[in-house]
Amino acid sequence: MCLLEIVYDAYVDFGKYIDPQQYYTHETFSSEGRGIDDAEVEVHGWICEHLINEEYSEEDRWRELRSNLDECQINYLFYSYLGKPTPLPKLPDYLQEIEPTAEDRGWTHIPAGFASMEDYWSTYPSRKPDRFLNFLLSDSFES
């Protein structure tokens, strides 16, 4: 488990360098003197004028951009073994109810050597995700 925790810590500490969901944020780009237009050009090759014409806010444009990018491909390991995925940008209240669950995202896998998640959690209670906590609403990011 130690190796997985080290990799997870790397995603937390260096996420903006290795995880597109953490890189393509207002915070990261503004720290480099760039904005959403630069990010859209980087991903799509053009500024998404249709989103501007549809009066998307800058925050919504960031979310729309990230929706076209992959999430961490090993979040299922982090979630199943450690009880948490990599940090993701915070969602506004109006999107919380449509956000996919861990099960929808394919993150729920029974860890090797265990008959069920409950069996695993009884052995490692500190790794049980809080069923009422939406890990996708981390306060780590605002956009």
# chains A, B, ... in the order shown; residues from 1 in each chain; ligands from 1
call {"tool": "residues_around", "arguments": {"residues": "region 18-31 of chain A", "least_positions_apart": "6", "cutoff": "12 Å", "atoms": "only C-alpha atoms", "output": "CSV table (one decimal) with N, CA and C atoms, in the first residue's frame"}}
result
chain,number,residue,atom,x,y,z
A,7,VAL,N,2.3,7.5,-4.7
A,7,VAL,CA,1.8,7.9,-6.0
A,7,VAL,C,0.7,8.9,-5.8
A,8,TYR,N,-0.2,8.6,-4.9
A,8,TYR,CA,-1.3,9.5,-4.6
A,8,TYR,C,-0.8,10.8,-4.1
A,10,ALA,N,2.0,12.2,-4.8
A,10,ALA,CA,2.5,12.9,-6.0
A,10,ALA,C,1.4,13.6,-6.8
A,11,TYR,N,0.3,12.9,-6.9
A,11,TYR,CA,-0.9,13.6,-7.6
A,11,TYR,C,-1.4,14.8,-6.8
A,12,VAL,N,-1.3,14.7,-5.5
A,12,VAL,CA,-1.8,15.8,-4.7
A,12,VAL,C,-0.8,17.0,-4.8
A,37,ASP,N,-8.9,31.7,-22.5
A,37,ASP,CA,-8.7,31.7,-24.0
A,37,ASP,C,-7.4,30.9,-24.3
A,38,ASP,N,-6.4,31.2,-23.6
A,38,ASP,CA,-5.1,30.4,-23.8
A,38,ASP,C,-5.3,28.9,-23.6
A,39,ALA,N,-6.1,28.6,-22.6
A,39,ALA,CA,-6.3,27.2,-22.3
A,39,ALA,C,-7.1,26.5,-23.4
A,40,GLU,N,-8.1,27.2,-23.9
A,40,GLU,CA,-8.9,26.6,-25.0
A,40,GLU,C,-8.1,26.5,-26.2
A,41,VAL,N,-7.2,27.4,-26.5
A,41,VAL,CA,-6.4,27.3,-27.7
A,41,VAL,C,-5.4,26.1,-27.5
A,42,GLU,N,-4.9,25.9,-26.3
A,42,GLU,CA,-4.0,24.8,-26.0
A,42,GLU,C,-4.7,23.5,-26.2
A,43,VAL,N,-6.0,23.3,-25.8
A,43,VAL,CA,-6.7,22.1,-25.9
A,43,VAL,C,-7.3,21.9,-27.3
A,58,GLU,N,-16.9,32.6,-17.3
A,58,GLU,CA,-15.6,32.1,-17.4
A,58,GLU,C,-15.4,30.8,-16.6
A,59,GLU,N,-16.1,30.7,-15.4
A,59,GLU,CA,-16.1,29.5,-14.6
A,59,GLU,C,-16.7,28.3,-15.4
A,60,ASP,N,-17.8,28.5,-16.1
A,60,ASP,CA,-18.4,27.5,-16.9
A,60,ASP,C,-17.6,27.1,-18.1
A,61,ARG,N,-16.8,28.0,-18.6
A,61,ARG,CA,-15.9,27.7,-19.8
A,61,ARG,C,-14.8,26.8,-19.3
A,62,TRP,N,-14.3,27.1,-18.1
A,62,TRP,CA,-13.2,26.2,-17.5
A,62,TRP,C,-13.8,24.8,-17.3
A,63,ARG,N,-15.0,24.7,-16.8
A,63,ARG,CA,-15.6,23.3,-16.5
A,63,ARG,C,-15.8,22.6,-17.9
A,64,GLU,N,-16.3,23.4,-18.9
A,64,GLU,CA,-16.6,22.8,-20.2
A,64,GLU,C,-15.3,22.3,-20.8
A,65,LEU,N,-14.2,23.0,-20.6
A,65,LEU,CA,-12.9,22.6,-21.1
A,65,LEU,C,-12.4,21.3,-20.5
A,66,ARG,N,-12.5,21.3,-19.1
A,66,ARG,CA,-12.1,20.1,-18.4
A,66,ARG,C,-13.0,18.9,-18.7
A,67,SER,N,-14.2,19.1,-19.1
A,67,SER,CA,-15.1,17.9,-19.4
A,67,SER,C,-14.6,17.2,-20.7
A,68,ASN,N,-13.7,17.9,-21.5
A,68,ASN,CA,-13.2,17.3,-22.7
A,68,ASN,C,-11.8,16.6,-22.4
A,69,LEU,N,-11.4,16.6,-21.2
A,69,LEU,CA,-10.1,16.0,-20.9
A,69,LEU,C,-10.2,14.8,-20.0
A,70,ASP,N,-9.3,13.9,-20.0
A,70,ASP,CA,-9.3,12.7,-19.2
A,70,ASP,C,-9.1,13.1,-17.7
A,71,GLU,N,-9.7,12.3,-16.9
A,71,GLU,CA,-9.4,12.3,-15.4
A,71,GLU,C,-8.2,11.4,-15.2
A,72,CYS,N,-7.7,11.4,-14.0
A,72,CYS,CA,-6.6,10.5,-13.6
A,72,CYS,C,-7.1,9.0,-13.9
A,73,GLN,N,-6.3,8.3,-14.6
A,73,GLN,CA,-6.7,7.0,-15.0
A,73,GLN,C,-6.5,5.9,-13.9
A,74,ILE,N,-6.0,6.3,-12.8
A,74,ILE,CA,-5.8,5.3,-11.7
A,74,ILE,C,-6.6,5.7,-10.5
A,75,ASN,N,-7.6,6.6,-10.7
A,75,ASN,CA,-8.4,7.0,-9.5
A,75,ASN,C,-9.2,5.8,-8.9
A,85,PRO,N,-10.2,9.9,-4.3
A,85,PRO,CA,-9.6,10.1,-5.6
A,85,PRO,C,-8.7,11.3,-5.6
A,86,THR,N,-8.0,11.6,-6.7
A,86,THR,CA,-7.2,12.8,-6.8
A,86,THR,C,-8.0,14.0,-6.6
A,87,PRO,N,-7.5,15.1,-6.2
A,87,PRO,CA,-8.2,16.4,-6.1
A,87,PRO,C,-8.8,16.8,-7.4
A,88,LEU,N,-10.0,17.2,-7.4
A,88,LEU,CA,-10.7,17.8,-8.5
A,88,LEU,C,-11.3,19.1,-8.2
A,89,PRO,N,-11.4,20.0,-9.3
A,89,PRO,CA,-11.9,21.3,-9.0
A,89,PRO,C,-13.3,21.3,-8.4
A,90,LYS,N,-13.6,22.2,-7.5
A,90,LYS,CA,-14.9,22.3,-6.8
A,90,LYS,C,-16.0,22.7,-7.8
A,136,LEU,N,-15.6,15.0,-4.9
A,136,LEU,CA,-15.4,15.9,-6.0
A,136,LEU,C,-15.6,17.3,-5.6
A,138,SER,N,-13.9,19.0,-3.4
A,138,SER,CA,-12.7,19.4,-2.6
A,138,SER,C,-12.6,20.9,-2.6
A,140,SER,N,-9.9,22.3,-2.6
A,140,SER,CA,-8.5,22.5,-3.1
A,140,SER,C,-8.6,23.5,-4.3
A,141,PHE,N,-9.7,23.5,-5.0
A,141,PHE,CA,-9.8,24.3,-6.2
A,141,PHE,C,-11.1,25.0,-6.3
A,142,GLU,N,-11.1,26.2,-6.9
A,142,GLU,CA,-12.3,27.0,-7.0
A,142,GLU,C,-12.9,27.0,-8.4
A,143,SER,N,-12.1,26.8,-9.5
A,143,SER,CA,-12.6,26.8,-10.8
A,143,SER,C,-12.8,25.5,-11.4
call {"tool": "closest_residue", "arguments": {"among": "A:Thr108, A:Thr101, A:Asn53, A:Ser116", "to": "Leu82 (chain A)", "atoms": "only C-alpha atoms"}}
result
A:Thr108
call {"tool": "atom_distance", "arguments": {"atom1": "CA of Glu5 (chain A)", "atom2": "CA of Asp104 (chain A)"}}
result
23.6 Å
